[in-house]
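Have a look at protein18.cif; it's mmCIF, C-alpha atoms and all ligand atoms:
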```
data_target
loop_
_atom_site.group_PDB
_atom_site.id
_atom_site.type_symbol
_atom_site.label_atom_id
_atom_site.label_comp_id
_atom_site.auth_asym_id
_atom_site.auth_seq_id
_atom_site.Cartn_x
_atom_site.Cartn_y
_atom_site.Cartn_z
ATOM 1 C CA GLY A 3 0.000 0.000 0.000
ATOM 2 C CA LEU A 4 0.870 3.650 -0.028
ATOM 3 C CA GLN A 5 0.983 3.920 3.774
ATOM 4 C CA GLY A 6 4.060 5.824 4.936
ATOM 5 C CA GLN A 7 5.079 6.963 1.462
ATOM 6 C CA VAL A 8 5.953 10.595 0.780
ATOM 7 C CA ALA A 9 4.441 12.842 -1.880
ATOM 8 C CA ILE A 10 5.046 16.372 -3.073
ATOM 9 C CA VAL A 11 1.995 17.959 -4.671
ATOM 10 C CA THR A 12 2.779 21.338 -6.228
ATOM 11 C CA GLY A 13 0.015 23.939 -6.163
ATOM 12 C CA SER A 14 -1.839 22.048 -3.435
ATOM 13 C CA THR A 15 -3.171 25.000 -1.452
ATOM 14 C CA SER A 16 -6.215 25.140 -3.763
ATOM 15 C CA GLY A 17 -8.369 23.285 -6.256
ATOM 16 C CA ILE A 18 -7.236 20.031 -7.869
ATOM 17 C CA GLY A 19 -3.867 19.961 -6.106
ATOM 18 C CA HIS A 20 -5.506 20.233 -2.716
ATOM 19 C CA ALA A 21 -7.956 17.456 -3.604
ATOM 20 C CA LEU A 22 -5.134 15.197 -4.822
ATOM 21 C CA ALA A 23 -3.075 15.860 -1.677
ATOM 22 C CA ASP A 24 -6.172 15.010 0.389
ATOM 23 C CA ALA A 25 -6.654 11.745 -1.541
ATOM 24 C CA LEU A 26 -3.011 10.720 -1.063
ATOM 25 C CA ALA A 27 -3.115 11.640 2.633
ATOM 26 C CA GLY A 28 -6.251 9.494 2.880
ATOM 27 C CA GLN A 29 -4.056 6.531 1.887
ATOM 28 C CA GLY A 30 -1.559 7.312 4.647
ATOM 29 C CA VAL A 31 0.889 9.251 2.465
ATOM 30 C CA ASN A 32 2.883 12.049 4.125
ATOM 31 C CA ILE A 33 2.540 15.235 2.125
ATOM 32 C CA VAL A 34 4.606 18.220 1.106
ATOM 33 C CA LEU A 35 2.007 20.916 0.562
ATOM 34 C CA ASN A 36 2.940 23.767 -1.808
ATOM 35 C CA GLY A 37 1.296 26.798 -3.290
ATOM 36 C CA LEU A 38 0.534 30.438 -2.844
ATOM 37 C CA GLY A 39 -1.884 31.955 -0.392
ATOM 38 C CA GLU A 40 -2.337 33.752 2.858
ATOM 39 C CA MET A 41 -0.165 32.197 5.617
ATOM 40 C CA ASN A 42 -2.994 31.633 8.131
ATOM 41 C CA ALA A 43 -5.154 29.936 5.518
ATOM 42 C CA ILE A 44 -2.243 27.752 4.422
ATOM 43 C CA GLU A 45 -1.484 26.732 7.996
ATOM 44 C CA ARG A 46 -5.154 25.844 8.482
ATOM 45 C CA THR A 47 -5.092 23.707 5.324
ATOM 46 C CA ARG A 48 -1.855 22.049 6.446
ATOM 47 C CA SER A 49 -3.043 21.175 9.947
ATOM 48 C CA GLU A 50 -6.482 20.032 8.731
ATOM 49 C CA LEU A 51 -4.918 17.609 6.253
ATOM 50 C CA ALA A 52 -2.594 16.225 8.914
ATOM 51 C CA GLU A 53 -5.310 15.820 11.553
ATOM 52 C CA LYS A 54 -7.970 14.427 9.218
ATOM 53 C CA HIS A 55 -5.717 11.637 7.956
ATOM 54 C CA GLY A 56 -3.159 11.156 10.734
ATOM 55 C CA VAL A 57 -0.225 11.868 8.422
ATOM 56 C CA GLU A 58 2.580 14.401 8.476
ATOM 57 C CA VAL A 59 2.133 17.437 6.266
ATOM 58 C CA LEU A 60 5.006 19.831 5.603
ATOM 59 C CA TYR A 61 4.344 23.131 3.852
ATOM 60 C CA HIS A 62 7.016 24.439 1.479
ATOM 61 C CA GLY A 63 6.353 27.776 -0.202
ATOM 62 C CA ALA A 64 8.537 27.276 -3.291
ATOM 63 C CA ASP A 65 7.534 29.656 -6.067
ATOM 64 C CA MET A 66 7.124 27.535 -9.198
ATOM 65 C CA THR A 67 8.770 30.264 -11.288
ATOM 66 C CA LYS A 68 12.016 29.839 -9.290
ATOM 67 C CA PRO A 69 14.186 26.786 -10.087
ATOM 68 C CA VAL A 70 16.316 27.196 -6.949
ATOM 69 C CA GLU A 71 13.235 27.216 -4.697
ATOM 70 C CA ILE A 72 11.826 24.149 -6.491
ATOM 71 C CA ALA A 73 15.061 22.224 -5.920
ATOM 72 C CA ASP A 74 14.997 23.312 -2.284
ATOM 73 C CA MET A 75 11.450 21.962 -1.889
ATOM 74 C CA VAL A 76 12.546 18.531 -3.129
ATOM 75 C CA LYS A 77 15.571 18.633 -0.836
ATOM 76 C CA ALA A 78 13.325 19.567 2.103
ATOM 77 C CA ALA A 79 11.016 16.591 1.427
ATOM 78 C CA LYS A 80 13.953 14.176 1.504
ATOM 79 C CA ALA A 81 15.468 15.852 4.575
ATOM 80 C CA GLU A 82 12.175 15.829 6.515
ATOM 81 C CA PHE A 83 10.868 12.389 5.561
ATOM 82 C CA GLY A 84 13.964 10.486 4.390
ATOM 83 C CA GLU A 85 12.390 9.550 1.056
ATOM 84 C CA LEU A 86 10.347 10.854 -1.870
ATOM 85 C CA ASP A 87 8.029 8.393 -3.567
ATOM 86 C CA ILE A 88 5.513 10.530 -5.463
ATOM 87 C CA LEU A 89 5.823 13.857 -7.260
ATOM 88 C CA VAL A 90 2.625 15.430 -8.565
ATOM 89 C CA ASN A 91 3.376 18.416 -10.792
ATOM 90 C CA ASN A 92 0.069 20.234 -10.580
ATOM 91 C CA ALA A 93 0.661 23.988 -10.114
ATOM 92 C CA GLY A 94 -0.830 25.920 -12.983
ATOM 93 C CA VAL A 95 -2.183 29.283 -14.047
ATOM 94 C CA GLN A 96 -4.169 30.529 -17.013
ATOM 95 C CA HIS A 97 -4.479 33.681 -19.073
ATOM 96 C CA VAL A 98 -6.950 34.147 -21.889
ATOM 97 C CA ALA A 99 -6.275 36.578 -24.769
ATOM 98 C CA PRO A 100 -5.799 36.480 -28.542
ATOM 99 C CA VAL A 101 -2.189 35.758 -29.595
ATOM 100 C CA GLU A 102 -1.540 39.227 -30.960
ATOM 101 C CA GLU A 103 -2.629 40.791 -27.672
ATOM 102 C CA PHE A 104 -1.160 38.138 -25.366
ATOM 103 C CA PRO A 105 1.121 39.910 -22.841
ATOM 104 C CA ASP A 106 4.755 38.733 -23.060
ATOM 105 C CA ASP A 107 5.059 38.500 -19.282
ATOM 106 C CA LYS A 108 1.947 36.281 -19.078
ATOM 107 C CA TRP A 109 3.423 33.984 -21.742
ATOM 108 C CA ASP A 110 6.659 33.644 -19.745
ATOM 109 C CA LEU A 111 4.788 33.121 -16.455
ATOM 110 C CA ILE A 112 2.558 30.369 -17.843
ATOM 111 C CA ILE A 113 5.447 28.533 -19.497
ATOM 112 C CA ALA A 114 7.431 28.781 -16.237
ATOM 113 C CA ILE A 115 4.674 27.571 -13.897
ATOM 114 C CA ASN A 116 2.787 25.120 -16.127
ATOM 115 C CA LEU A 117 5.788 23.553 -17.891
ATOM 116 C CA SER A 118 9.268 24.443 -16.637
ATOM 117 C CA SER A 119 8.429 23.863 -12.953
ATOM 118 C CA ALA A 120 7.689 20.199 -13.746
ATOM 119 C CA PHE A 121 11.112 19.920 -15.386
ATOM 120 C CA HIS A 122 12.891 21.471 -12.399
ATOM 121 C CA ALA A 123 10.984 19.396 -9.825
ATOM 122 C CA SER A 124 11.526 16.162 -11.768
ATOM 123 C CA LYS A 125 15.204 16.956 -12.260
ATOM 124 C CA ALA A 126 15.614 17.255 -8.489
ATOM 125 C CA ALA A 127 13.397 14.273 -7.624
ATOM 126 C CA ILE A 128 14.707 11.676 -10.087
ATOM 127 C CA PRO A 129 18.117 11.121 -8.412
ATOM 128 C CA ILE A 130 16.304 10.379 -5.121
ATOM 129 C CA MET A 131 13.867 8.040 -6.862
ATOM 130 C CA ARG A 132 16.679 6.259 -8.745
ATOM 131 C CA GLU A 133 18.481 5.626 -5.484
ATOM 132 C CA GLN A 134 15.278 4.174 -3.984
ATOM 133 C CA GLY A 135 14.593 2.110 -7.110
ATOM 134 C CA ARG A 136 11.030 3.417 -6.869
ATOM 135 C CA GLY A 137 9.153 6.534 -7.828
ATOM 136 C CA ARG A 138 6.038 7.925 -9.412
ATOM 137 C CA ILE A 139 5.820 11.234 -11.268
ATOM 138 C CA VAL A 140 2.362 12.377 -12.304
ATOM 139 C CA ASN A 141 1.939 15.561 -14.302
ATOM 140 C CA ILE A 142 -1.436 17.269 -14.249
ATOM 141 C CA ALA A 143 -1.717 18.367 -17.862
ATOM 142 C CA SER A 144 -5.118 19.092 -19.399
ATOM 143 C CA ALA A 145 -7.383 18.229 -22.299
ATOM 144 C CA HIS A 146 -5.504 21.254 -23.638
ATOM 145 C CA GLY A 147 -2.426 19.013 -23.732
ATOM 146 C CA LEU A 148 -4.179 17.099 -26.513
ATOM 147 C CA VAL A 149 -6.289 19.693 -28.322
ATOM 148 C CA ALA A 150 -6.389 23.494 -28.477
ATOM 149 C CA SER A 151 -8.943 26.210 -27.864
ATOM 150 C CA PRO A 152 -8.633 29.780 -29.080
ATOM 151 C CA TYR A 153 -7.177 32.488 -26.821
ATOM 152 C CA LYS A 154 -5.127 30.074 -24.682
ATOM 153 C CA SER A 155 -1.849 30.001 -26.627
ATOM 154 C CA ALA A 156 0.520 29.841 -23.651
ATOM 155 C CA TYR A 157 -1.566 27.349 -21.705
ATOM 156 C CA VAL A 158 -2.057 25.038 -24.695
ATOM 157 C CA ALA A 159 1.642 25.248 -25.591
ATOM 158 C CA ALA A 160 2.705 24.485 -22.009
ATOM 159 C CA LYS A 161 0.260 21.590 -21.674
ATOM 160 C CA HIS A 162 1.286 20.052 -25.009
ATOM 161 C CA GLY A 163 4.884 20.517 -23.870
ATOM 162 C CA ILE A 164 4.386 18.712 -20.597
ATOM 163 C CA LEU A 165 3.162 15.619 -22.440
ATOM 164 C CA GLY A 166 6.492 15.584 -24.307
ATOM 165 C CA LEU A 167 8.388 15.947 -21.037
ATOM 166 C CA THR A 168 6.285 13.123 -19.569
ATOM 167 C CA LYS A 169 7.237 10.742 -22.396
ATOM 168 C CA THR A 170 10.928 11.658 -22.233
ATOM 169 C CA ILE A 171 11.221 11.144 -18.469
ATOM 170 C CA ALA A 172 9.330 7.849 -18.784
ATOM 171 C CA LEU A 173 11.928 6.552 -21.248
ATOM 172 C CA GLU A 174 14.891 7.754 -19.200
ATOM 173 C CA THR A 175 13.699 6.142 -15.941
ATOM 174 C CA ALA A 176 11.830 3.064 -17.207
ATOM 175 C CA GLN A 177 14.276 0.535 -15.753
ATOM 176 C CA GLN A 178 14.554 2.025 -12.276
ATOM 177 C CA GLY A 179 11.031 1.358 -10.983
ATOM 178 C CA ILE A 180 10.025 4.906 -11.814
ATOM 179 C CA THR A 181 7.051 5.862 -13.956
ATOM 180 C CA CYS A 182 6.039 9.227 -15.363
ATOM 181 C CA ASN A 183 2.521 9.807 -16.643
ATOM 182 C CA ALA A 184 0.125 12.650 -17.265
ATOM 183 C CA ILE A 185 -3.517 13.133 -16.376
ATOM 184 C CA CYS A 186 -5.464 15.315 -18.810
ATOM 185 C CA PRO A 187 -8.564 16.618 -17.057
ATOM 186 C CA GLY A 188 -11.453 18.257 -18.812
ATOM 187 C CA PHE A 189 -13.135 21.147 -17.028
ATOM 188 C CA VAL A 190 -13.222 20.921 -13.246
ATOM 189 C CA LYS A 191 -14.973 23.637 -11.261
ATOM 190 C CA THR A 192 -12.067 25.295 -9.431
ATOM 191 C CA PRO A 193 -11.066 28.930 -8.837
ATOM 192 C CA LEU A 194 -8.966 28.706 -12.032
ATOM 193 C CA VAL A 195 -12.039 27.907 -14.129
ATOM 194 C CA GLU A 196 -14.272 30.369 -12.319
ATOM 195 C CA ALA A 197 -11.804 33.174 -13.132
ATOM 196 C CA GLN A 198 -11.809 32.119 -16.784
ATOM 197 C CA ILE A 199 -15.543 32.497 -17.075
ATOM 198 C CA ALA A 200 -15.152 36.246 -16.609
ATOM 199 C CA ASP A 201 -12.076 36.472 -18.896
ATOM 200 C CA GLN A 202 -13.720 34.458 -21.670
ATOM 201 C CA ALA A 203 -16.809 36.626 -21.494
ATOM 202 C CA LYS A 204 -14.593 39.666 -22.084
ATOM 203 C CA ALA A 205 -12.507 38.100 -24.874
ATOM 204 C CA ARG A 206 -15.605 36.856 -26.703
ATOM 205 C CA GLY A 207 -17.936 39.730 -25.862
ATOM 206 C CA ILE A 208 -20.678 37.446 -24.502
ATOM 207 C CA SER A 209 -22.329 36.966 -21.101
ATOM 208 C CA GLU A 210 -20.889 34.767 -18.349
ATOM 209 C CA GLU A 211 -23.931 32.458 -18.575
ATOM 210 C CA ALA A 212 -23.273 31.996 -22.283
ATOM 211 C CA VAL A 213 -19.622 31.148 -21.541
ATOM 212 C CA MET A 214 -20.653 28.402 -19.079
ATOM 213 C CA LYS A 215 -23.196 26.879 -21.435
ATOM 214 C CA ASP A 216 -21.770 27.467 -24.917
ATOM 215 C CA VAL A 217 -18.004 27.589 -24.290
ATOM 216 C CA ILE A 218 -16.981 25.572 -21.237
ATOM 217 C CA LEU A 219 -19.448 22.693 -21.157
ATOM 218 C CA ALA A 220 -19.869 22.880 -24.933
ATOM 219 C CA ALA A 221 -16.490 21.144 -25.190
ATOM 220 C CA GLN A 222 -17.458 18.413 -22.741
ATOM 221 C CA PRO A 223 -19.935 15.894 -24.217
ATOM 222 C CA THR A 224 -21.102 14.704 -20.787
ATOM 223 C CA LYS A 225 -22.132 18.329 -20.005
ATOM 224 C CA GLN A 226 -20.814 17.674 -16.504
ATOM 225 C CA PHE A 227 -17.745 19.083 -14.798
ATOM 226 C CA VAL A 228 -15.075 16.466 -13.982
ATOM 227 C CA THR A 229 -14.936 15.932 -10.203
ATOM 228 C CA PHE A 230 -11.978 15.933 -7.831
ATOM 229 C CA GLU A 231 -12.787 12.341 -6.840
ATOM 230 C CA GLN A 232 -12.598 11.167 -10.452
ATOM 231 C CA LEU A 233 -9.132 12.695 -10.840
ATOM 232 C CA ALA A 234 -8.021 11.271 -7.501
ATOM 233 C CA GLY A 235 -9.096 7.806 -8.677
ATOM 234 C CA GLN A 236 -6.782 8.063 -11.680
ATOM 235 C CA LEU A 237 -3.912 9.364 -9.560
ATOM 236 C CA LEU A 238 -4.248 6.591 -6.964
ATOM 237 C CA TYR A 239 -4.159 3.995 -9.747
ATOM 238 C CA LEU A 240 -1.036 5.498 -11.316
ATOM 239 C CA VAL A 241 0.912 5.695 -8.049
ATOM 240 C CA SER A 242 -0.080 2.174 -6.945
ATOM 241 C CA ASP A 243 1.840 -1.014 -7.750
ATOM 242 C CA LEU A 244 -0.902 -1.822 -10.302
ATOM 243 C CA GLY A 245 0.171 1.274 -12.236
ATOM 244 C CA ALA A 246 3.708 -0.029 -12.822
ATOM 245 C CA SER A 247 3.243 -0.611 -16.565
ATOM 246 C CA ALA A 248 1.523 2.677 -17.259
ATOM 247 C CA ASN A 249 4.477 4.774 -18.389
ATOM 248 C CA GLY A 250 4.844 7.834 -20.584
ATOM 249 C CA ALA A 251 1.086 7.838 -21.108
ATOM 250 C CA SER A 252 -1.549 10.520 -20.883
ATOM 251 C CA PHE A 253 -4.952 9.730 -19.428
ATOM 252 C CA ALA A 254 -7.824 11.871 -20.624
ATOM 253 C CA ILE A 255 -10.390 12.296 -17.831
ATOM 254 C CA ASP A 256 -12.468 14.739 -19.796
ATOM 255 C CA GLY A 257 -16.031 13.496 -20.267
ATOM 256 C CA GLY A 258 -15.276 12.692 -23.904
ATOM 257 C CA TRP A 259 -13.941 16.129 -24.870
ATOM 258 C CA THR A 260 -10.890 14.873 -26.780
ATOM 259 C CA ALA A 261 -12.826 12.036 -28.423
ATOM 260 C CA GLN A 262 -14.295 14.632 -30.772
HETATM 261 P P1 LIG A 301 -6.244 26.593 -8.805
HETATM 262 O O1 LIG A 301 -6.062 28.004 -9.229
HETATM 263 O O2 LIG A 301 -7.398 26.224 -7.940
HETATM 264 O O3 LIG A 301 -4.917 26.081 -8.081
HETATM 265 C C1 LIG A 301 -3.640 26.363 -8.593
HETATM 266 C C2 LIG A 301 -2.605 26.101 -7.541
HETATM 267 O O4 LIG A 301 -1.316 26.468 -8.063
HETATM 268 C C3 LIG A 301 -2.805 26.945 -6.269
HETATM 269 O O5 LIG A 301 -2.464 26.187 -5.138
HETATM 270 C C4 LIG A 301 -1.822 28.084 -6.470
HETATM 271 O O6 LIG A 301 -1.383 28.675 -5.253
HETATM 272 C C5 LIG A 301 -0.691 27.339 -7.145
HETATM 273 N N1 LIG A 301 0.236 28.254 -7.812
HETATM 274 C C6 LIG A 301 -0.021 29.206 -8.735
HETATM 275 N N2 LIG A 301 1.104 29.876 -9.047
HETATM 276 C C7 LIG A 301 2.088 29.341 -8.298
HETATM 277 C C8 LIG A 301 3.476 29.608 -8.149
HETATM 278 N N3 LIG A 301 4.087 30.567 -8.841
HETATM 279 N N4 LIG A 301 4.183 28.860 -7.270
HETATM 280 C C9 LIG A 301 3.592 27.891 -6.548
HETATM 281 N N5 LIG A 301 2.285 27.588 -6.652
HETATM 282 C C10 LIG A 301 1.548 28.307 -7.507
HETATM 283 O O7 LIG A 301 -6.250 25.752 -10.167
HETATM 284 P P2 LIG A 301 -6.749 24.265 -10.513
HETATM 285 O O8 LIG A 301 -7.903 24.400 -11.429
HETATM 286 O O9 LIG A 301 -6.852 23.413 -9.327
HETATM 287 O O10 LIG A 301 -5.531 23.782 -11.435
HETATM 288 C C11 LIG A 301 -4.562 22.853 -11.022
HETATM 289 C C12 LIG A 301 -3.916 22.215 -12.253
HETATM 290 O O11 LIG A 301 -4.915 21.507 -12.989
HETATM 291 C C13 LIG A 301 -3.312 23.236 -13.212
HETATM 292 O O12 LIG A 301 -2.103 22.738 -13.748
HETATM 293 C C14 LIG A 301 -4.361 23.342 -14.297
HETATM 294 O O13 LIG A 301 -3.811 23.737 -15.516
HETATM 295 C C15 LIG A 301 -4.866 21.910 -14.330
HETATM 296 N N6 LIG A 301 -6.187 21.766 -14.948
HETATM 297 C C16 LIG A 301 -7.279 22.377 -14.411
HETATM 298 C C17 LIG A 301 -8.501 22.191 -15.032
HETATM 299 C C18 LIG A 301 -9.750 22.802 -14.490
HETATM 300 O O14 LIG A 301 -10.778 22.722 -15.169
HETATM 301 N N7 LIG A 301 -9.736 23.392 -13.324
HETATM 302 C C19 LIG A 301 -8.611 21.401 -16.176
HETATM 303 C C20 LIG A 301 -7.478 20.814 -16.689
HETATM 304 C C21 LIG A 301 -6.268 20.985 -16.059
#
```
Take the structure in the file and give it back as structure tokens.
Amino acid sequence: GLQGQVAIVTGSTSGIGHALADALAGQGVNIVLNGLGEMNAIERTRSELAEKHGVEVLYHGADMTKPVEIADMVKAAKAEFGELDILVNNAGVQHVAPVEEFPDDKWDLIIAINLSSAFHASKAAIPIMREQGRGRIVNIASAHGLVASPYKSAYVAAKHGILGLTKTIALETAQQGITCNAICPGFVKTPLVEAQIADQAKARGISEEAVMKDVILAAQPTKQFVTFEQLAGQLLYLVSDLGASANGASFAIDGGWTAQ
């Protein structure tokens, strides 16, 4: 079982990352919590996770745009817990604008957080995992790793990129008991998506209700948001012993979006 293992989940102070950290902690996994936020709220999240599941939860505030801080987070996990079994690269941000108006600094930020941070975290984690002869890296990509939508150039580029990184790491580590896979969620109702509803309405010049109905769930044939539990189910499979032969793959959990 996963009892006593150690996981880093980046961007776990909110949304999907928090739900995935909660699911891992529910299996007895000690957690390195990461993400932005107000210190009191983060401490509440940290202590709630620890108390609810009887595991240890360490918060590390590494900024996913800073390679040195990312490496330090991985080092801190090993120093605190003596091992690192699972790395979930989840932190992500979005910005919606047409290419010709897309701010350069937003492009750089999205590539740094949604793509490069997974490279830096994996680079630091793989030597530890090789030494253990065991490890699981799971990248939270997106349906936008497989298909595009207008006005999301940086996000779509980063998410397509992370699938390439996933495959490459899988090949490099395949004989050391390490796997690297990606989960490609469709739309999940998190703060990230709620913020987009307003941005999309502006970019398209339509109402927020129309964005929900005709833009967001228009892409998702089930007409349902993907739930945290459904993503957690996929993650728990991938990190388990049963997931050992899933390697370099991407798993679309998207209500049929990318089947179209
Ligand atoms: P969210 O905004 O709820 O959470 C994002 C997390 O990343 C937060 O904890 C935030 O603090 C953290 N973060 C942001 N910038 C950071 C930085 N510089 N350093 C460290 N942490 C930082 O978003 P979410 O919807 O839960 O998204 C999580 C992941 O899932 C993202 O990679 C996103 O692209 C992906 N995803 C989301 C959806 C969706 O519909 N919500 C769909 C597909 C993929």
For this file, the PyMOL selection byres (((not hetatm)) within 7 of (chain A and resi 301)) selects which residues, as number ranges by chain?
-> A: 12-19, 36-39, 63-67, 92-96, 115-116, 142-145, 186-195
Those selected residues, please, written with C-alpha atoms and delivered as a compact mmCIF listing (two decimals), keeping the file's coordinate frame.
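Here's the written file part_38.txt:
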```
# COMPACT_ATOMS: atom_id res chain seq x y z
CA THR A 12 2.78 21.34 -6.23
CA GLY A 13 0.02 23.94 -6.16
CA SER A 14 -1.84 22.05 -3.44
CA THR A 15 -3.17 25.00 -1.45
CA SER A 16 -6.22 25.14 -3.76
CA GLY A 17 -8.37 23.28 -6.26
CA ILE A 18 -7.24 20.03 -7.87
CA GLY A 19 -3.87 19.96 -6.11
CA ASN A 36 2.94 23.77 -1.81
CA GLY A 37 1.30 26.80 -3.29
CA LEU A 38 0.53 30.44 -2.84
CA GLY A 39 -1.88 31.96 -0.39
CA GLY A 63 6.35 27.78 -0.20
CA ALA A 64 8.54 27.28 -3.29
CA ASP A 65 7.53 29.66 -6.07
CA MET A 66 7.12 27.54 -9.20
CA THR A 67 8.77 30.26 -11.29
CA ASN A 92 0.07 20.23 -10.58
CA ALA A 93 0.66 23.99 -10.11
CA GLY A 94 -0.83 25.92 -12.98
CA VAL A 95 -2.18 29.28 -14.05
CA GLN A 96 -4.17 30.53 -17.01
CA ILE A 115 4.67 27.57 -13.90
CA ASN A 116 2.79 25.12 -16.13
CA ILE A 142 -1.44 17.27 -14.25
CA ALA A 143 -1.72 18.37 -17.86
CA SER A 144 -5.12 19.09 -19.40
CA ALA A 145 -7.38 18.23 -22.30
CA CYS A 186 -5.46 15.32 -18.81
CA PRO A 187 -8.56 16.62 -17.06
CA GLY A 188 -11.45 18.26 -18.81
CA PHE A 189 -13.14 21.15 -17.03
CA VAL A 190 -13.22 20.92 -13.25
CA LYS A 191 -14.97 23.64 -11.26
CA THR A 192 -12.07 25.30 -9.43
CA PRO A 193 -11.07 28.93 -8.84
CA LEU A 194 -8.97 28.71 -12.03
CA VAL A 195 -12.04 27.91 -14.13
```
Atom CA of Ser242 of chain A to atom CA of Met131 of chain A, straight-line distance in Å =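 These atoms are spaced 15.1 Å apart.
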Nearest residue to Phe230 of chain A from the set A:Ile255, A:Pro69, A:Ala123, A:Leu165 (distances using only C-alpha atoms) = A:Ile255
Reference answer for the PyMOL selection byres (((chain A and resi 32) around 8) and not hetatm), as a VMD selection string | chain A and resid 6 to 9 26 to 27 30 to 31 33 to 34 57 to 59
What is the atom CA of Glu50 of chain A-atom CA of Val11 of chain A distance in Å, reported with one decimal?
->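 Separation between atom CA of Glu50 of chain A and atom CA of Val11 of chain A: 16.0 Å.
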For segment 209-216 of chain A: contacts at 6 Å, only C-alpha atoms, fewer than 4 positions along chain excluded, given as a VMD selection string = chain A and resid 199 203 220
Taking only C-alpha atoms, show segment 167-195 of chain A of the given structure as a short mmCIF file (atom, residue, chain, number, x, y, z; two decimals), in the first residue's frame.
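Result file follows (part.cif):
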```
data_model
loop_
_atom_site.label_atom_id
_atom_site.label_comp_id
_atom_site.auth_asym_id
_atom_site.auth_seq_id
_atom_site.Cartn_x
_atom_site.Cartn_y
_atom_site.Cartn_z
CA LEU A 167 8.39 15.95 -21.04
CA THR A 168 6.28 13.12 -19.57
CA LYS A 169 7.24 10.74 -22.40
CA THR A 170 10.93 11.66 -22.23
CA ILE A 171 11.22 11.14 -18.47
CA ALA A 172 9.33 7.85 -18.78
CA LEU A 173 11.93 6.55 -21.25
CA GLU A 174 14.89 7.75 -19.20
CA THR A 175 13.70 6.14 -15.94
CA ALA A 176 11.83 3.06 -17.21
CA GLN A 177 14.28 0.54 -15.75
CA GLN A 178 14.55 2.02 -12.28
CA GLY A 179 11.03 1.36 -10.98
CA ILE A 180 10.03 4.91 -11.81
CA THR A 181 7.05 5.86 -13.96
CA CYS A 182 6.04 9.23 -15.36
CA ASN A 183 2.52 9.81 -16.64
CA ALA A 184 0.13 12.65 -17.26
CA ILE A 185 -3.52 13.13 -16.38
CA CYS A 186 -5.46 15.32 -18.81
CA PRO A 187 -8.56 16.62 -17.06
CA GLY A 188 -11.45 18.26 -18.81
CA PHE A 189 -13.14 21.15 -17.03
CA VAL A 190 -13.22 20.92 -13.25
CA LYS A 191 -14.97 23.64 -11.26
CA THR A 192 -12.07 25.30 -9.43
CA PRO A 193 -11.07 28.93 -8.84
CA LEU A 194 -8.97 28.71 -12.03
CA VAL A 195 -12.04 27.91 -14.13
#
```
